[in-house]
>>> print(open('my_file-v9.txt').read())   # compact mmCIF, C-alpha atoms
# COMPACT_ATOMS: atom_id res chain seq x y z
CA MET I 63 -126.49 -77.67 47.24
CA LEU I 64 -127.99 -81.01 48.11
CA ARG I 65 -126.07 -81.08 51.41
CA THR I 66 -127.65 -77.87 52.71
CA PRO I 67 -131.44 -78.41 52.65
CA GLY I 68 -131.39 -82.20 52.46
CA GLY I 69 -133.11 -82.61 49.09
CA LEU I 70 -134.27 -80.46 46.16
CA THR I 71 -136.33 -80.88 43.04
CA GLN I 72 -134.47 -80.67 39.75
CA ALA I 73 -136.37 -77.47 38.94
CA GLU I 74 -135.16 -75.88 42.22
CA ILE I 75 -131.58 -76.86 41.45
CA ALA I 76 -131.84 -75.34 37.98
CA ARG I 77 -133.26 -72.04 39.30
CA ALA I 78 -130.67 -71.72 42.07
CA THR I 79 -127.62 -72.62 39.99
CA GLY I 80 -128.56 -71.02 36.68
CA LEU I 81 -127.91 -74.31 34.92
CA SER I 82 -130.28 -75.43 32.21
CA PRO I 83 -132.80 -78.16 33.07
CA ALA I 84 -131.00 -80.43 30.61
CA SER I 85 -127.64 -79.88 32.33
CA VAL I 86 -129.17 -80.55 35.74
CA SER I 87 -130.78 -83.72 34.41
CA ASN I 88 -127.44 -84.95 33.05
CA ILE I 89 -125.58 -84.23 36.29
CA VAL I 90 -128.29 -85.89 38.37
CA ARG I 91 -128.11 -88.96 36.14
CA GLU I 92 -124.34 -89.16 36.67
CA LEU I 93 -124.73 -88.82 40.45
CA THR I 94 -127.41 -91.48 40.47
CA GLU I 95 -125.38 -93.92 38.37
CA GLU I 96 -122.36 -93.61 40.68
CA GLY I 97 -124.55 -94.10 43.77
CA THR I 98 -124.10 -90.62 45.25
CA ALA I 99 -127.71 -89.48 44.80
CA SER I 100 -131.18 -90.91 44.33
CA VAL I 101 -134.32 -89.55 42.64
CA THR I 102 -137.92 -89.95 43.73
CA LEU I 103 -141.16 -88.70 42.18
CA VAL I 104 -143.02 -86.29 44.46
CA ARG I 105 -145.86 -83.77 44.34
CA HIS I 106 -144.41 -80.25 44.54
CA ASN I 107 -146.67 -77.19 44.35
CA GLY I 108 -149.41 -79.42 42.98
CA ARG I 109 -147.25 -80.88 40.22
CA ARG I 110 -145.24 -84.03 39.77
CA ALA I 111 -141.52 -83.37 40.25
CA ARG I 112 -138.26 -85.28 40.52
CA LYS I 113 -136.72 -84.78 43.96
CA VAL I 114 -133.00 -85.39 44.27
CA THR I 115 -131.45 -86.44 47.58
CA LEU I 116 -128.01 -87.62 48.53
CA ASN I 117 -127.69 -91.35 49.10
CA PRO I 118 -127.64 -91.99 52.88
CA ASP I 119 -125.11 -94.77 52.30
CA ALA I 120 -122.63 -92.43 50.60
CA GLY I 121 -121.02 -91.44 53.91
CA LEU I 122 -121.56 -90.19 57.46
CA VAL I 123 -120.62 -87.00 59.28
CA ALA I 124 -120.13 -86.25 62.97
CA GLY I 125 -121.13 -83.15 64.91
CA VAL I 126 -119.53 -82.37 68.28
CA ASP I 127 -120.71 -79.75 70.78
CA PHE I 128 -118.44 -78.84 73.70
CA GLY I 129 -119.75 -76.83 76.64
CA ASN I 130 -118.10 -75.88 79.89
CA ARG I 131 -119.49 -79.01 81.52
CA HIS I 132 -120.47 -81.34 78.69
CA MET I 133 -119.75 -82.91 75.32
CA ARG I 134 -122.46 -84.07 72.92
CA VAL I 135 -121.67 -86.06 69.77
CA ALA I 136 -124.02 -87.04 66.94
CA ILE I 137 -123.58 -88.80 63.61
CA ALA I 138 -125.81 -88.32 60.58
CA ASP I 139 -126.05 -89.64 57.06
CA LEU I 140 -126.06 -87.47 53.95
CA ALA I 141 -129.86 -87.51 53.87
CA HIS I 142 -129.81 -85.50 57.14
CA ASN I 143 -130.92 -88.37 59.38
CA VAL I 144 -129.26 -88.36 62.81
CA LEU I 145 -128.49 -91.98 63.55
CA THR I 146 -127.56 -91.64 67.22
CA GLU I 147 -126.16 -89.27 69.83
CA ASP I 148 -123.93 -89.54 72.89
CA TYR I 149 -123.85 -87.13 75.84
CA GLN I 150 -121.10 -86.98 78.43
CA THR I 151 -120.62 -84.77 81.49
CA LEU I 152 -117.16 -83.19 81.71
CA SER I 153 -115.37 -81.58 84.61
CA TYR I 154 -115.94 -77.83 84.91
CA GLY I 155 -113.33 -75.91 82.90
CA HIS I 156 -111.98 -79.05 81.20
CA LYS I 157 -108.86 -78.87 79.02
CA ALA I 158 -108.28 -79.72 75.38
CA ALA I 159 -105.68 -82.31 76.37
CA ASP I 160 -108.52 -84.28 77.97
CA GLY I 161 -111.41 -83.26 75.75
CA ILE I 162 -109.92 -84.14 72.37
CA PRO I 163 -109.13 -87.80 73.24
CA ARG I 164 -112.61 -88.14 74.76
CA CYS I 165 -114.08 -86.68 71.59
CA GLU I 166 -112.23 -89.19 69.44
CA ALA I 167 -113.41 -92.03 71.69
CA ALA I 168 -117.00 -90.76 71.60
CA VAL I 169 -117.00 -90.64 67.79
CA ARG I 170 -115.80 -94.22 67.66
CA LYS I 171 -118.44 -95.16 70.26
CA VAL I 172 -121.39 -93.78 68.26
CA PHE I 173 -120.24 -95.66 65.18
CA GLU I 174 -120.20 -98.86 67.21
CA MET I 175 -123.66 -98.04 68.58
CA VAL I 176 -125.18 -98.01 65.08
CA GLY I 177 -123.01 -100.79 63.70
CA LYS I 178 -121.37 -98.64 61.03
CA PRO I 179 -117.70 -98.88 60.03
CA ARG I 180 -115.62 -95.88 61.06
CA ALA I 181 -114.38 -95.74 57.49
CA ASP I 182 -117.78 -94.27 56.54
CA LEU I 183 -116.91 -91.02 58.35
CA ILE I 184 -116.21 -88.27 55.81
CA GLY I 185 -116.14 -85.11 57.94
CA VAL I 186 -116.48 -83.62 61.43
CA CYS I 187 -117.52 -80.23 62.83
CA VAL I 188 -116.67 -79.21 66.41
CA GLY I 189 -118.52 -76.42 68.20
CA LEU I 190 -116.74 -74.50 70.97
CA PRO I 191 -118.00 -71.77 73.34
CA GLY I 192 -116.22 -68.54 72.52
CA PRO I 193 -115.18 -66.56 69.43
CA VAL I 194 -113.54 -68.75 66.78
CA VAL I 195 -111.31 -66.96 64.25
CA ALA I 196 -112.32 -68.03 60.74
CA THR I 197 -108.78 -68.09 59.33
CA THR I 198 -107.27 -70.23 62.10
CA GLY I 199 -110.20 -72.22 63.52
CA ARG I 200 -108.92 -71.40 67.03
CA LEU I 201 -110.54 -69.68 69.98
CA SER I 202 -109.55 -66.02 70.03
CA SER I 203 -110.54 -65.64 73.68
CA PRO I 204 -109.88 -68.21 76.42
CA THR I 205 -112.36 -66.74 78.90
CA ILE I 206 -114.80 -69.69 78.97
CA LEU I 207 -112.46 -72.61 78.27
CA PRO I 208 -108.93 -71.47 79.22
CA GLY I 209 -107.61 -74.98 78.68
CA TRP I 210 -108.49 -74.76 74.98
CA ALA I 211 -106.77 -71.44 74.23
CA GLU I 212 -104.73 -71.44 71.02
CA VAL I 213 -105.20 -75.22 70.56
CA ASP I 214 -105.52 -76.33 66.93
CA VAL I 215 -108.51 -78.59 67.54
CA ALA I 216 -109.07 -79.27 63.84
CA ALA I 217 -105.52 -80.50 63.33
CA ALA I 218 -105.57 -82.65 66.48
CA LEU I 219 -108.83 -84.38 65.55
CA HIS I 220 -107.77 -84.74 61.94
CA ASP I 221 -104.66 -86.58 63.09
CA ALA I 222 -106.82 -88.85 65.26
CA LEU I 223 -109.72 -89.52 62.87
CA HIS I 224 -108.06 -88.92 59.46
CA VAL I 225 -110.97 -86.90 58.03
CA PRO I 226 -111.52 -83.17 57.40
CA VAL I 227 -112.44 -81.26 60.58
CA VAL I 228 -113.90 -77.75 60.87
CA VAL I 229 -114.25 -75.78 64.14
CA ASP I 230 -116.99 -73.20 64.74
CA ASN I 231 -118.59 -71.11 67.49
CA ASP I 232 -121.41 -72.87 69.34
CA ALA I 233 -123.89 -69.97 69.06
CA LYS I 234 -123.39 -69.73 65.31
CA LEU I 235 -124.00 -73.46 65.01
CA GLY I 236 -127.13 -73.03 67.12
CA ALA I 237 -128.36 -70.37 64.68
CA LEU I 238 -127.66 -72.68 61.76
CA ALA I 239 -129.66 -75.47 63.39
CA GLU I 240 -132.54 -73.13 64.16
CA SER I 241 -132.51 -71.95 60.53
CA LEU I 242 -132.88 -75.43 59.16
CA TRP I 243 -135.01 -77.24 61.71
CA GLY I 244 -136.01 -74.97 64.59
CA SER I 245 -137.70 -71.68 65.45
CA GLY I 246 -135.81 -69.82 62.72
CA ARG I 247 -137.08 -72.03 59.91
CA GLY I 248 -138.39 -69.94 57.03
CA LEU I 249 -137.07 -66.66 58.49
CA SER I 250 -134.54 -64.44 56.73
CA ASP I 251 -133.43 -62.29 59.70
CA PHE I 252 -133.13 -63.51 63.28
CA ALA I 253 -130.71 -63.99 66.15
CA TYR I 254 -130.08 -67.08 68.25
CA ILE I 255 -128.76 -66.11 71.70
CA LYS I 256 -127.21 -68.80 73.86
CA VAL I 257 -127.26 -67.97 77.56
CA SER I 258 -125.06 -70.32 79.59
CA THR I 259 -121.62 -69.84 81.16
CA GLY I 260 -121.09 -67.26 78.44
CA ILE I 261 -123.57 -65.39 76.26
CA GLY I 262 -123.13 -65.50 72.50
CA ALA I 263 -125.28 -64.80 69.46
CA GLY I 264 -125.56 -66.38 66.05
CA LEU I 265 -126.96 -63.99 63.45
CA VAL I 266 -128.86 -64.93 60.31
CA LEU I 267 -129.19 -61.86 58.08
CA ASN I 268 -130.89 -61.86 54.71
CA GLY I 269 -130.88 -65.66 54.75
CA HIS I 270 -127.15 -65.93 55.48
CA LEU I 271 -125.31 -66.98 58.62
CA TYR I 272 -123.35 -63.80 59.33
CA ARG I 273 -119.76 -64.18 60.57
CA GLY I 274 -118.16 -60.76 60.11
CA ALA I 275 -114.70 -59.89 58.83
CA ASP I 276 -112.79 -62.31 61.06
CA GLY I 277 -115.53 -64.81 61.86
CA THR I 278 -116.18 -63.59 65.41
CA ALA I 279 -119.39 -61.59 64.91
CA GLY I 280 -122.08 -62.13 67.52
CA GLU I 281 -120.19 -61.70 70.81
CA ILE I 282 -123.19 -60.02 72.38
CA GLY I 283 -122.08 -61.15 75.84
CA HIS I 284 -119.38 -58.48 75.78
CA THR I 285 -121.58 -55.52 74.96
CA THR I 286 -121.59 -52.95 77.76
CA ILE I 287 -124.78 -52.84 79.83
CA GLU I 288 -123.51 -50.97 82.91
CA GLU I 289 -120.50 -48.74 82.28
CA ASN I 290 -119.37 -48.90 85.91
CA GLY I 291 -120.52 -52.46 86.52
CA PRO I 292 -118.48 -55.49 87.67
CA VAL I 293 -115.23 -56.31 85.89
CA CYS I 294 -115.68 -58.98 83.22
CA ARG I 295 -113.21 -61.74 82.34
CA CYS I 296 -112.53 -59.85 79.11
CA GLY I 297 -111.18 -56.91 81.14
CA ASN I 298 -114.08 -54.51 80.57
CA ARG I 299 -116.76 -53.45 83.03
CA GLY I 300 -120.47 -54.14 83.00
CA CYS I 301 -120.57 -56.65 80.13
CA LEU I 302 -123.85 -58.50 79.60
CA GLU I 303 -122.13 -61.79 80.45
CA VAL I 304 -121.01 -60.63 83.89
CA LEU I 305 -124.55 -59.49 84.69
CA ALA I 306 -126.68 -62.23 83.10
CA GLY I 307 -124.40 -65.23 82.56
CA VAL I 308 -125.16 -68.32 84.65
CA PRO I 309 -122.02 -68.00 86.87
CA ALA I 310 -122.97 -64.43 87.79
CA LEU I 311 -126.48 -65.51 88.78
CA LEU I 312 -125.21 -68.41 90.86
CA ASP I 313 -122.73 -66.15 92.65
CA LEU I 314 -125.63 -63.98 93.78
CA LEU I 315 -127.72 -66.92 94.97
CA ARG I 316 -124.94 -68.80 96.74
CA ARG I 317 -124.76 -66.04 99.34
CA SER I 318 -128.18 -67.13 100.60
CA HIS I 319 -128.63 -70.66 99.19
CA GLY I 320 -125.25 -72.27 99.91
CA GLU I 321 -121.96 -72.74 98.09
CA ASP I 322 -123.09 -75.88 96.25
CA PHE I 323 -126.12 -74.18 94.67
CA SER I 324 -126.28 -75.13 90.96
CA ILE I 325 -128.07 -74.04 87.80
CA GLU I 326 -130.39 -77.01 88.23
CA ASP I 327 -131.18 -75.87 91.78
CA MET I 328 -131.90 -72.36 90.53
CA LEU I 329 -134.30 -73.57 87.84
CA ARG I 330 -136.11 -75.88 90.26
CA GLY I 331 -136.32 -73.08 92.81
CA SER I 332 -137.74 -70.70 90.25
CA ALA I 333 -140.40 -73.21 89.19
CA ALA I 334 -141.30 -73.75 92.86
CA GLY I 335 -141.70 -70.03 93.49
CA ASP I 336 -138.41 -69.21 95.25
CA VAL I 337 -138.40 -65.41 95.18
CA GLY I 338 -134.60 -65.13 95.11
CA CYS I 339 -134.26 -67.46 92.13
CA ARG I 340 -137.06 -65.75 90.28
CA ARG I 341 -135.59 -62.32 90.96
CA VAL I 342 -132.11 -63.07 89.58
CA ILE I 343 -133.59 -64.74 86.49
CA SER I 344 -135.90 -61.78 85.92
CA ASP I 345 -132.99 -59.34 86.36
CA ALA I 346 -130.94 -61.38 83.87
CA GLY I 347 -133.80 -61.14 81.38
CA ARG I 348 -133.93 -57.38 81.88
CA HIS I 349 -130.22 -57.06 81.07
CA ILE I 350 -130.52 -59.36 78.04
CA GLY I 351 -133.45 -57.23 76.88
CA VAL I 352 -131.19 -54.17 76.73
CA ALA I 353 -128.82 -56.00 74.37
CA VAL I 354 -131.74 -57.37 72.36
CA ALA I 355 -133.18 -53.87 71.94
CA ASN I 356 -129.88 -52.71 70.49
CA LEU I 357 -129.90 -55.67 68.08
CA CYS I 358 -133.44 -54.87 67.01
CA ASN I 359 -132.71 -51.19 66.44
CA LEU I 360 -129.59 -51.99 64.46
CA LEU I 361 -130.72 -54.99 62.41
CA SER I 362 -134.56 -55.03 62.40
CA LEU I 363 -134.89 -58.73 63.19
CA GLN I 364 -137.95 -60.93 62.83
CA ARG I 365 -137.23 -63.10 65.86
CA ILE I 366 -134.91 -63.50 68.83
CA ILE I 367 -134.46 -67.16 69.80
CA ILE I 368 -133.16 -67.83 73.32
CA GLY I 369 -131.20 -71.02 73.92
CA GLY I 370 -128.69 -72.36 76.41
CA GLU I 371 -129.12 -73.43 80.04
CA LEU I 372 -130.99 -70.33 81.17
CA ALA I 373 -133.62 -70.81 78.44
CA LEU I 374 -135.05 -73.57 80.66
CA ALA I 375 -136.42 -70.77 82.87
CA GLY I 376 -139.09 -70.38 80.19
CA ASP I 377 -141.77 -67.70 80.38
CA LEU I 378 -140.20 -65.90 83.34
CA LEU I 379 -137.08 -65.16 81.31
CA ILE I 380 -138.89 -64.43 78.07
CA SER I 381 -141.34 -61.97 79.64
CA ALA I 382 -138.48 -60.06 81.30
CA ILE I 383 -136.55 -59.89 78.03
CA THR I 384 -139.63 -58.77 76.09
CA ASP I 385 -140.59 -56.08 78.61
CA SER I 386 -137.06 -54.67 78.68
CA MET I 387 -136.75 -54.77 74.90
CA SER I 388 -140.12 -53.05 74.45
CA ARG I 389 -139.05 -50.14 76.66
CA ARG I 390 -135.78 -49.56 74.83
CA ALA I 391 -136.24 -50.51 71.18
CA ILE I 392 -137.93 -48.14 68.77
CA SER I 393 -141.60 -49.06 68.61
CA ILE I 394 -141.63 -50.42 65.06
CA SER I 395 -138.73 -52.79 65.83
CA ALA I 396 -140.23 -53.96 69.11
CA GLN I 397 -143.60 -54.64 67.47
CA HIS I 398 -142.11 -56.77 64.70
CA THR I 399 -139.56 -58.75 66.73
CA GLU I 400 -140.77 -61.85 68.54
CA VAL I 401 -138.81 -63.31 71.45
CA THR I 402 -139.11 -67.06 71.91
CA ILE I 403 -137.41 -70.12 73.42
CA SER I 404 -135.42 -72.45 71.19
CA THR I 405 -137.40 -75.51 70.10
CA LEU I 406 -134.20 -77.55 69.77
CA GLY I 407 -133.12 -77.12 73.39
CA GLY I 408 -129.74 -78.56 74.30
CA ARG I 409 -129.43 -80.24 70.88
CA ALA I 410 -129.11 -76.97 68.95
CA GLY I 411 -125.30 -76.92 69.07
CA VAL I 412 -124.73 -80.51 68.02
CA LEU I 413 -127.38 -80.36 65.26
CA GLY I 414 -125.74 -77.20 63.95
CA ALA I 415 -122.39 -78.99 63.99
CA VAL I 416 -123.92 -81.84 61.98
CA ALA I 417 -125.33 -79.35 59.47
CA ARG I 418 -121.99 -77.57 59.14
CA ALA I 419 -120.21 -80.88 58.60
CA LEU I 420 -122.74 -81.78 55.89
CA GLN I 421 -121.82 -78.58 54.09
CA GLU I 422 -118.19 -79.68 53.87
CA GLY I 423 -116.85 -76.58 55.55
CA ASP I 424 -118.56 -73.91 53.44
CA ARG I 425 -117.86 -70.61 55.16
CA TYR I 426 -121.24 -69.05 54.49
CA VAL I 427 -124.65 -70.68 54.59
CA THR I 428 -127.40 -69.62 52.17
CA LEU I 429 -130.94 -70.84 52.67
CA PRO I 430 -132.76 -70.22 49.36
CA PHE I 431 -135.32 -73.01 49.83
CA GLU I 432 -137.91 -74.18 52.33
CA PRO I 433 -135.84 -76.44 54.62
CA THR I 434 -136.62 -80.08 55.20
CA PRO I 435 -138.35 -81.30 58.39
CA PRO I 436 -136.35 -81.60 61.63
CA LEU I 437 -133.50 -84.04 61.83
CA ALA I 438 -134.85 -87.43 62.82
CA LEU I 439 -133.23 -89.47 65.55
CA THR I 440 -133.53 -92.88 63.91
CA GLY I 441 -131.03 -94.86 66.00
>>> encode(input="my_file-v9.txt", output="structure tokens")
Amino acid sequence: MLRTPGGLTQAEIARATGLSPASVSNIVRELTEEGTASVTLVRHNGRRARKVTLNPDAGLVAGVDFGNRHMRVAIADLAHNVLTEDYQTLSYGHKAADGIPRCEAAVRKVFEMVGKPRADLIGVCVGLPGPVVATTGRLSSPTILPGWAEVDVAAALHDALHVPVVVDNDAKLGALAESLWGSGRGLSDFAYIKVSTGIGAGLVLNGHLYRGADGTAGEIGHTTIEENGPVCRCGNRGCLEVLAGVPALLDLLRRSHGEDFSIEDMLRGSAAGDVGCRRVISDAGRHIGVAVANLCNLLSLQRIIIGGELALAGDLLISAITDSMSRRAISISAQHTEVTISTLGGRAGVLGAVARALQEGDRYVTLPFEPTPPLALTG
């Protein structure tokens, strides 16, 4: 329980676990004596209370976020402080045979950066773009990273780093990060939608990170928007991803802006008033709004949080999503669902991976308490 919110009062622990205050006090004393936890006196709800936190020196965890063109690695202590991060650009469509050794090297690098022994590492979480099957920890679809299909990433990194490794979907990790430290903090029902090469959603329902029967819930990018639309990599037609994913938008713009036109060029063009760039971003928002309306009608969400590369388009994207959602969702759902940009930006995936690693691989995440402040970058 202490690993999830980053610190609780003894009274909160007693209420959540059903243990008696005396039992909690005894356990906390044992944890304190062995150096695993520490206790500080705080003011909580106007009263003096004993807050229990895990000892930062009791171990470190690593979070890893792989995208189609990048890898981001962070390490954090058990008190939820991020000590440092490392970002590397990877070749487009990189393979696991290259990515896993670079991941191992990056983990060792960040430990050297903060002067900590690698022996302090107690666990790692790796986020990958695409549906990850809960029982195997492997990508079930190779559409975004074909070179990672059916690779047992957890086993490969475990062999290299000799610590437990868990693998998860990047959008789900983004939702976890938003729950604890971002725009989803304090909410019980919301969706985090990552719009990049692919489009995926992480769902928090009734305070829980929802995974579904096989762990692959949230593949909103493969909902049908246009029945007779373009063929998607998944084999279906008119999927949201093939209409609003970054590659689809760039394909449209490269006809008039040149073959080397990039996502960065598109965002700069949009900010500068380029009508073509603004049109494709607005159209993407309209398509995303259709999927968001369906989510709202089905789940009655409090907030939709947009992350990923396309989120950098800002108000242009959000207004298009909101307008489209408002036209299609039932009025009560549209009125009570806010659409906003992620406050964690490109760090959402790696912070979610850190949080998942801190939970020691728990399959489901429950958020019964007010979360702690955002992870601090102290290194």
>>> closest_atom_pairs(input="my_file-v9.txt", of="stretch 94-139 of chain I", to="stretch 406-411 of chain I", cutoff="10 Å", atoms="only C-alpha atoms", output="Markdown table")
| residue | atom | partner | partner_atom | distance |
| --- | --- | --- | --- | --- |
| I:Gly125 | CA | I:Gly411 | CA | 8.6 |
| I:Val126 | CA | I:Gly411 | CA | 8.0 |
| I:Asp127 | CA | I:Gly411 | CA | 5.7 |
| I:Phe128 | CA | I:Gly411 | CA | 8.5 |
| I:Gly129 | CA | I:Gly411 | CA | 9.4 |
| I:Arg134 | CA | I:Arg409 | CA | 8.2 |
| I:Val135 | CA | I:Arg409 | CA | 9.8 |
| I:Ala136 | CA | I:Arg409 | CA | 9.5 |
>>> closest_residue(input="my_file-v9.txt", among="I:Val114, I:Val337, I:Ile367, I:Ala279", to="I:Val194", atoms="all atoms listed in the file")
I:Ala279
>>> closest_residue(input="my_file-v9.txt", among="I:Ala111, I:Ala239, I:Phe323, I:Ser362", to="I:Ile75", atoms="only C-alpha atoms")
I:Ala111
>>> atom_distance(input="my_file-v9.txt", atom1="atom CA of I:Ala217", atom2="atom CA of I:Leu201")
13.7 Å
>>> axis_aligned_box(input="my_file-v9.txt", around="stretch 171-183 of chain I", padding_each_side="3 Å", output="lines of an AutoDock Vina configuration file")
center_x = -119.8
center_y = -95.9
center_z = 63.4
size_x = 16.8
size_y = 15.8
size_z = 19.7
>>> closest_residue(input="my_file-v9.txt", among="I:Leu116, I:Leu420, I:Ala76, I:Ala415", to="I:Leu238", atoms="all atoms listed in the file")
I:Ala415
>>> atom_distance(input="my_file-v9.txt", atom1="atom CA of I:Ser250", atom2="atom CA of I:Gly264")
13.1 Å
>>> residues_around(input="my_file-v9.txt", residues="I:Thr384", least_positions_apart="5", cutoff="10 Å", atoms="all atoms listed in the file", output="list in words")
Gly347, Arg348, Ile350, Gly351, Val352, Val354, Ala355, Ile366, Leu379, Arg389, Ala396, Thr399, Glu400, Val401 and Thr402 of chain I
>>> closest_residue(input="my_file-v9.txt", among="I:His398, I:Arg180, I:Arg110, I:His156", to="I:Leu363", atoms="all atoms listed in the file")
I:His398
>>> closest_residue(input="my_file-v9.txt", among="I:Arg200, I:Arg330, I:His319, I:Arg340", to="I:Thr278", atoms="only C-alpha atoms")
I:Arg200
>>> residues_around(input="my_file-v9.txt", residues="stretch 268-274 of chain I", least_positions_apart="3", cutoff="12 Å", atoms="all atoms listed in the file", output="ChimeraX atom specification")
/I:193-197,230-231,233-242,246-254,263-265,277-281,361-364,414,418,424-433
>>> residues_near_point(input="my_file-v9.txt", point="(-102.6, -85.1, 64.4)", cutoff="12 Å", atoms="all atoms listed in the file", output="JSON, numbers by chain")
{"I": [162, 163, 166, 213, 214, 215, 216, 217, 218, 219, 220, 221, 222, 223, 224, 225, 226, 227]}
>>> residues_near_point(input="my_file-v9.txt", point="(-114.5, -82.0, 62.5)", cutoff="6 Å", atoms="all atoms listed in the file", output="ChimeraX atom specification")
/I:185-188,227-228
>>> residues_around(input="my_file-v9.txt", residues="I:Ser87", least_positions_apart="6", cutoff="10 Å", atoms="only C-alpha atoms", output="NGL selection string")
:I and (72-73 or 75-76 or 81 or 93 or 112)
>>> write_last_selection(input="my_file-v9.txt", atoms="C-alpha atoms", output="mmCIF file, keeping the file's coordinate frame")
data_model
loop_
_atom_site.group_PDB
_atom_site.id
_atom_site.type_symbol
_atom_site.label_atom_id
_atom_site.label_comp_id
_atom_site.auth_asym_id
_atom_site.auth_seq_id
_atom_site.Cartn_x
_atom_site.Cartn_y
_atom_site.Cartn_z
ATOM 1 C CA GLN I 72 -134.470 -80.670 39.750
ATOM 2 C CA ALA I 73 -136.370 -77.470 38.940
ATOM 3 C CA ILE I 75 -131.580 -76.860 41.450
ATOM 4 C CA ALA I 76 -131.840 -75.340 37.980
ATOM 5 C CA LEU I 81 -127.910 -74.310 34.920
ATOM 6 C CA LEU I 93 -124.730 -88.820 40.450
ATOM 7 C CA ARG I 112 -138.260 -85.280 40.520
#
>>> residues_around(input="my_file-v9.txt", residues="I:Gly331", least_positions_apart="5", cutoff="12 Å", atoms="all atoms listed in the file", output="list of chain:residue names")
I:Leu315, I:His319, I:Phe323, I:Ser324, I:Ile325, I:Glu326, I:Asp336, I:Val337, I:Gly338, I:Cys339, I:Arg340, I:Arg341, I:Val342, I:Ile343, I:Ala375
>>> atom_distance(input="my_file-v9.txt", atom1="atom CA of I:Gly121", atom2="atom CA of I:Ala138")
8.8 Å
>>> closest_residue(input="my_file-v9.txt", among="I:Leu140, I:Val169, I:Asp148, I:Leu64", to="I:Thr79", atoms="all atoms listed in the file")
I:Leu64
>>> build_atoms(input="my_file-v9.txt", residues="stretch 205-218 of chain I", atoms="N, CA and C atoms", output="PDB file, keeping the file's coordinate frame")
ATOM      1  N   THR I 205    -111.669 -67.079  77.665  1.00  0.00           N
ATOM      2  CA  THR I 205    -112.360 -66.740  78.900  1.00  0.00           C
ATOM      3  C   THR I 205    -113.274 -67.854  79.406  1.00  0.00           C
ATOM      4  N   ILE I 206    -113.883 -68.638  78.529  1.00  0.00           N
ATOM      5  CA  ILE I 206    -114.800 -69.690  78.970  1.00  0.00           C
ATOM      6  C   ILE I 206    -114.080 -71.013  79.145  1.00  0.00           C
ATOM      7  N   LEU I 207    -113.226 -71.362  78.190  1.00  0.00           N
ATOM      8  CA  LEU I 207    -112.460 -72.610  78.270  1.00  0.00           C
ATOM      9  C   LEU I 207    -110.962 -72.285  78.176  1.00  0.00           C
ATOM     10  N   PRO I 208    -110.359 -71.840  79.267  1.00  0.00           N
ATOM     11  CA  PRO I 208    -108.930 -71.470  79.220  1.00  0.00           C
ATOM     12  C   PRO I 208    -108.037 -72.610  78.759  1.00  0.00           C
ATOM     13  N   GLY I 209    -108.425 -73.832  79.062  1.00  0.00           N
ATOM     14  CA  GLY I 209    -107.610 -74.980  78.680  1.00  0.00           C
ATOM     15  C   GLY I 209    -107.650 -75.315  77.207  1.00  0.00           C
ATOM     16  N   TRP I 210    -108.404 -74.545  76.426  1.00  0.00           N
ATOM     17  CA  TRP I 210    -108.490 -74.760  74.980  1.00  0.00           C
ATOM     18  C   TRP I 210    -107.867 -73.599  74.197  1.00  0.00           C
ATOM     19  N   ALA I 211    -107.310 -72.635  74.887  1.00  0.00           N
ATOM     20  CA  ALA I 211    -106.770 -71.440  74.230  1.00  0.00           C
ATOM     21  C   ALA I 211    -105.648 -71.808  73.263  1.00  0.00           C
ATOM     22  N   GLU I 212    -105.765 -71.296  72.053  1.00  0.00           N
ATOM     23  CA  GLU I 212    -104.730 -71.440  71.020  1.00  0.00           C
ATOM     24  C   GLU I 212    -104.454 -72.897  70.639  1.00  0.00           C
ATOM     25  N   VAL I 213    -105.362 -73.807  70.963  1.00  0.00           N
ATOM     26  CA  VAL I 213    -105.200 -75.220  70.560  1.00  0.00           C
ATOM     27  C   VAL I 213    -105.780 -75.392  69.159  1.00  0.00           C
ATOM     28  N   ASP I 214    -105.038 -76.041  68.286  1.00  0.00           N
ATOM     29  CA  ASP I 214    -105.520 -76.330  66.930  1.00  0.00           C
ATOM     30  C   ASP I 214    -106.346 -77.603  66.988  1.00  0.00           C
ATOM     31  N   VAL I 215    -107.619 -77.439  67.348  1.00  0.00           N
ATOM     32  CA  VAL I 215    -108.510 -78.590  67.540  1.00  0.00           C
ATOM     33  C   VAL I 215    -108.704 -79.352  66.227  1.00  0.00           C
ATOM     34  N   ALA I 216    -108.852 -78.624  65.137  1.00  0.00           N
ATOM     35  CA  ALA I 216    -109.070 -79.270  63.840  1.00  0.00           C
ATOM     36  C   ALA I 216    -107.906 -80.184  63.487  1.00  0.00           C
ATOM     37  N   ALA I 217    -106.693 -79.697  63.677  1.00  0.00           N
ATOM     38  CA  ALA I 217    -105.520 -80.500  63.330  1.00  0.00           C
ATOM     39  C   ALA I 217    -105.410 -81.720  64.241  1.00  0.00           C
ATOM     40  N   ALA I 218    -105.691 -81.538  65.543  1.00  0.00           N
ATOM     41  CA  ALA I 218    -105.570 -82.650  66.480  1.00  0.00           C
ATOM     42  C   ALA I 218    -106.577 -83.749  66.172  1.00  0.00           C
TER      43      ALA I 218
END
